[in-house]
Amino acid sequence: MTTSRPGLLRLSRRAVQVALAALMSGACAAGPAVAASTREAAPSVPSTTTPLSPRSPTGQPTPAARALTEAGCCARHWWSSDSLRVLFIDDPPGDAPLGIYAAPAGGGEVGLASLSVLGEDLPAGDAPLAATPSASLRLPADAENVRLSPDGSSVAWTVGSSVPVNFDRRQRSLWVLGGPTDLRRRLAVLTGGDLVGWAEDGRVVVTTGRVSADAVAGIWRVPIDGSPPALLAEADRPRGVRLSPTARWLAYYLAFQTDPARNGLWIAGTSGAAAHQVPAFGSYRWGADERLFFIPFVTDDGPLTLAAFDPATGATQVVREGEAFPGGIAANDWSVSPDGRWVVYRSAADAALWIVPIGGA
């Protein structure tokens, strides 16, 4: 997908670097880029899937999008845990200090939330950095892609070789500490993949790649008690793998497959539910209600539509249609609030943060 060039950001180079570093924990989910939109076009629907559910001809209009910040501010936002504030790092002009600022989701003035750009003095859940392991979970210096279990009692990570090799041949050792024992254990050697995260209340980890020399490429669940791994979805180089809030489901997309019908957006269950294809392709984010919100791809500058796919029922609902995101979305920079009532995005037209209500919010 293409993106329109956003308006000029007012952040200093230092502030941008700090913002990107703080958000490396994954607060903004990965997904295909979104095209900024100015003309109407229908969502692109693969011919091998069921089309989107019909749009209601008499649906109630929802409130319009509105700007939360001034033009040029700000990239890579995140939500407060209570969904009441949108937080971002800013370096405003004049005497205002570099720090973390907050914009009320319901409207109101933007205010300074913290002078610490790392967020140490913010309430729990508001800081941009993920929680760090406790002192009892000591990790080796070469640990990468560190992921804490949901209750914080275990930690998983990978260790890879520094020798550059083809991606499909790259190997990473998967380790875990905590759980059934307090010993550091190597669970598998991953080829062409990496650790994704935890599932099943910390009993398994989810990985991509091959978990052994004779295993197929795909997405795997690896129990931390040493039980054999199980294949969740056979997939060559799955991209943008994201777990749902409860880790019951995972979303990913495939591209450049030998069989073109397999290209697109997919969902699989982490406990073994078969993978199935979402009826349209686009940028995606998980909602708190375990629905996958996505913006169907458009091939020109048509208006963007927001849809939601329910993996439990297989139903797709058009949440907002026709100019759902005025100005378009810059650099795939958008997110759903934890309570599922709002979407915030950075406008491609003015680089300001805008908020869109979902439904009747």
# chains A, B, ... in the order shown; residues from 1 in each chain; ligands from 1
$ select_by_dssp --residues "stretch 209-254 of chain A" --states "strand (DSSP E or B)" --output "list of chain:residue names"
A:Gly209, A:Arg210, A:Gly218, A:Ile219, A:Trp220, A:Arg221, A:Val222, A:Pro223, A:Ala230, A:Leu231, A:Leu232, A:Ala233, A:Glu234, A:Arg239, A:Gly240, A:Val241, A:Arg242, A:Leu243, A:Trp249, A:Leu250, A:Ala251, A:Tyr252, A:Tyr253, A:Leu254
$ residues_around --residues "stretch 85-87 of chain A" --least-positions-apart "2" --cutoff "6 Å" --atoms "only C-alpha atoms" --output "list in words"
His77, Trp78, Trp79, Ser80, Ser83, Tyr101, Ala102, Ala103, Pro104 and Ala105 of chain A
$ atom_distance --atom1 "atom CA of A:Asn263" --atom2 "atom CA of A:Leu292"
17.8 Å
$ closest_residue --among "A:Ala352, A:Val216, A:Cys74, A:Leu174" --to "A:Gly197" --atoms "only C-alpha atoms"
A:Leu174
$ select_by_dssp --residues "stretch 78-205 of chain A" --states "helix (DSSP H, G or I)" --output "list in words"
Phe167, Asp168, Arg169, Glu200, Asp201 and Gly202 of chain A
$ residues_around --residues "A:Leu115" --least-positions-apart "5" --cutoff "10 Å" --atoms "only C-alpha atoms" --output "list in words"
Ile89, Pro97, Leu98, Gly99, Ile100, Tyr101, Glu120, Asp121 and Leu122 of chain A
$ write_last_selection --atoms "N, CA and C atoms" --output "PDB file, in the first residue's frame"
ATOM      1  N   ILE A  89       4.887  11.829  23.008  1.00  0.00           N
ATOM      2  CA  ILE A  89       6.079  12.609  23.344  1.00  0.00           C
ATOM      3  C   ILE A  89       6.124  13.821  22.422  1.00  0.00           C
ATOM      4  N   PRO A  97       8.376  22.355  27.867  1.00  0.00           N
ATOM      5  CA  PRO A  97       9.474  21.374  27.914  1.00  0.00           C
ATOM      6  C   PRO A  97       9.200  20.140  27.064  1.00  0.00           C
ATOM      7  N   LEU A  98      10.275  19.440  26.720  1.00  0.00           N
ATOM      8  CA  LEU A  98      10.178  18.120  26.124  1.00  0.00           C
ATOM      9  C   LEU A  98       9.630  17.171  27.180  1.00  0.00           C
ATOM     10  N   GLY A  99       8.625  16.384  26.826  1.00  0.00           N
ATOM     11  CA  GLY A  99       8.064  15.444  27.785  1.00  0.00           C
ATOM     12  C   GLY A  99       6.923  14.661  27.187  1.00  0.00           C
ATOM     13  N   ILE A 100       6.207  13.951  28.048  1.00  0.00           N
ATOM     14  CA  ILE A 100       5.034  13.193  27.654  1.00  0.00           C
ATOM     15  C   ILE A 100       3.811  14.066  27.896  1.00  0.00           C
ATOM     16  N   TYR A 101       3.018  14.268  26.855  1.00  0.00           N
ATOM     17  CA  TYR A 101       1.814  15.080  26.941  1.00  0.00           C
ATOM     18  C   TYR A 101       0.587  14.179  26.788  1.00  0.00           C
ATOM     19  N   GLU A 120       8.638   6.866  33.750  1.00  0.00           N
ATOM     20  CA  GLU A 120       8.747   6.169  35.024  1.00  0.00           C
ATOM     21  C   GLU A 120       7.747   6.682  36.067  1.00  0.00           C
ATOM     22  N   ASP A 121       7.358   7.951  35.976  1.00  0.00           N
ATOM     23  CA  ASP A 121       6.462   8.499  36.979  1.00  0.00           C
ATOM     24  C   ASP A 121       5.005   8.548  36.521  1.00  0.00           C
ATOM     25  N   LEU A 122       4.686   7.816  35.439  1.00  0.00           N
ATOM     26  CA  LEU A 122       3.300   7.717  34.995  1.00  0.00           C
ATOM     27  C   LEU A 122       2.608   6.567  35.719  1.00  0.00           C
TER      28      LEU A 122
END
$ closest_residue --among "A:Val356, A:Ile219, A:Ala330, A:Ala351" --to "A:Cys73" --atoms "only C-alpha atoms"
A:Ala351
$ atom_distance --atom1 "atom CA of A:Asn166" --atom2 "atom CA of A:Val196"
20.2 Å
$ closest_residue --among "A:Ala233, A:Ala156, A:Val165, A:Glu290" --to "A:Asp194" --atoms "only C-alpha atoms"
A:Ala156
$ closest_residue --among "A:Ala288, A:Ala280, A:Asp168, A:Asp301" --to "A:Pro238" --atoms "only C-alpha atoms"
A:Asp168
$ residues_around --residues "A:Trp266" --least-positions-apart "5" --cutoff "12 Å" --atoms "only C-alpha atoms" --output "compact mmCIF listing (two decimals) with C-alpha atoms, in the first residue's frame"
# COMPACT_ATOMS: atom_id res chain seq x y z
CA THR A 49 -13.34 -15.31 0.20
CA ILE A 219 3.31 -20.59 13.41
CA LEU A 232 -1.06 -23.67 14.53
CA ALA A 233 -0.80 -22.63 10.90
CA GLU A 234 1.45 -23.72 8.06
CA ALA A 235 2.77 -20.51 6.52
CA PRO A 238 4.06 -15.06 8.06
CA ARG A 239 4.21 -11.29 8.56
CA GLY A 240 2.79 -8.95 11.17
CA VAL A 241 1.91 -11.73 13.62
CA ARG A 242 -0.11 -10.16 16.46
CA TRP A 249 -6.29 -15.64 18.59
CA LEU A 250 -3.47 -14.42 16.40
CA ALA A 251 -3.58 -12.43 13.18
CA TYR A 252 -1.00 -12.41 10.42
CA TYR A 253 -0.73 -11.80 6.69
CA LEU A 254 0.89 -13.64 3.82
CA ALA A 255 2.42 -12.13 0.69
CA ALA A 261 -5.07 -17.35 -3.21
CA ALA A 274 -7.90 -23.90 12.20
CA ALA A 275 -6.60 -20.82 10.40
CA HIS A 276 -9.06 -19.00 8.16
CA GLN A 277 -8.76 -16.04 5.85
CA VAL A 278 -10.33 -12.66 6.65
CA PRO A 279 -12.63 -11.49 3.83
CA ALA A 280 -10.54 -8.43 2.97
CA PHE A 281 -6.95 -7.27 3.26
CA GLY A 282 -5.68 -4.19 5.04
CA TYR A 284 -5.23 -4.26 11.31
CA LEU A 292 -9.91 -7.62 14.62
CA PHE A 294 -9.02 -3.51 9.90
CA PHE A 309 -13.91 -9.23 11.96
CA PRO A 311 -13.01 -14.72 14.68
CA GLY A 314 -16.63 -15.41 11.21
$ residues_around --residues "A:Gly340" --least-positions-apart "3" --cutoff "7 Å" --atoms "only C-alpha atoms" --output "PyMOL selection string"
chain A and resi 287-288+336-337
$ residues_around --residues "stretch 134-150 of chain A" --least-positions-apart "4" --cutoff "10 Å" --atoms "only C-alpha atoms" --output "ChimeraX atom specification"
/A:25,130,154-161,172-179,182,184,194-205,246-247
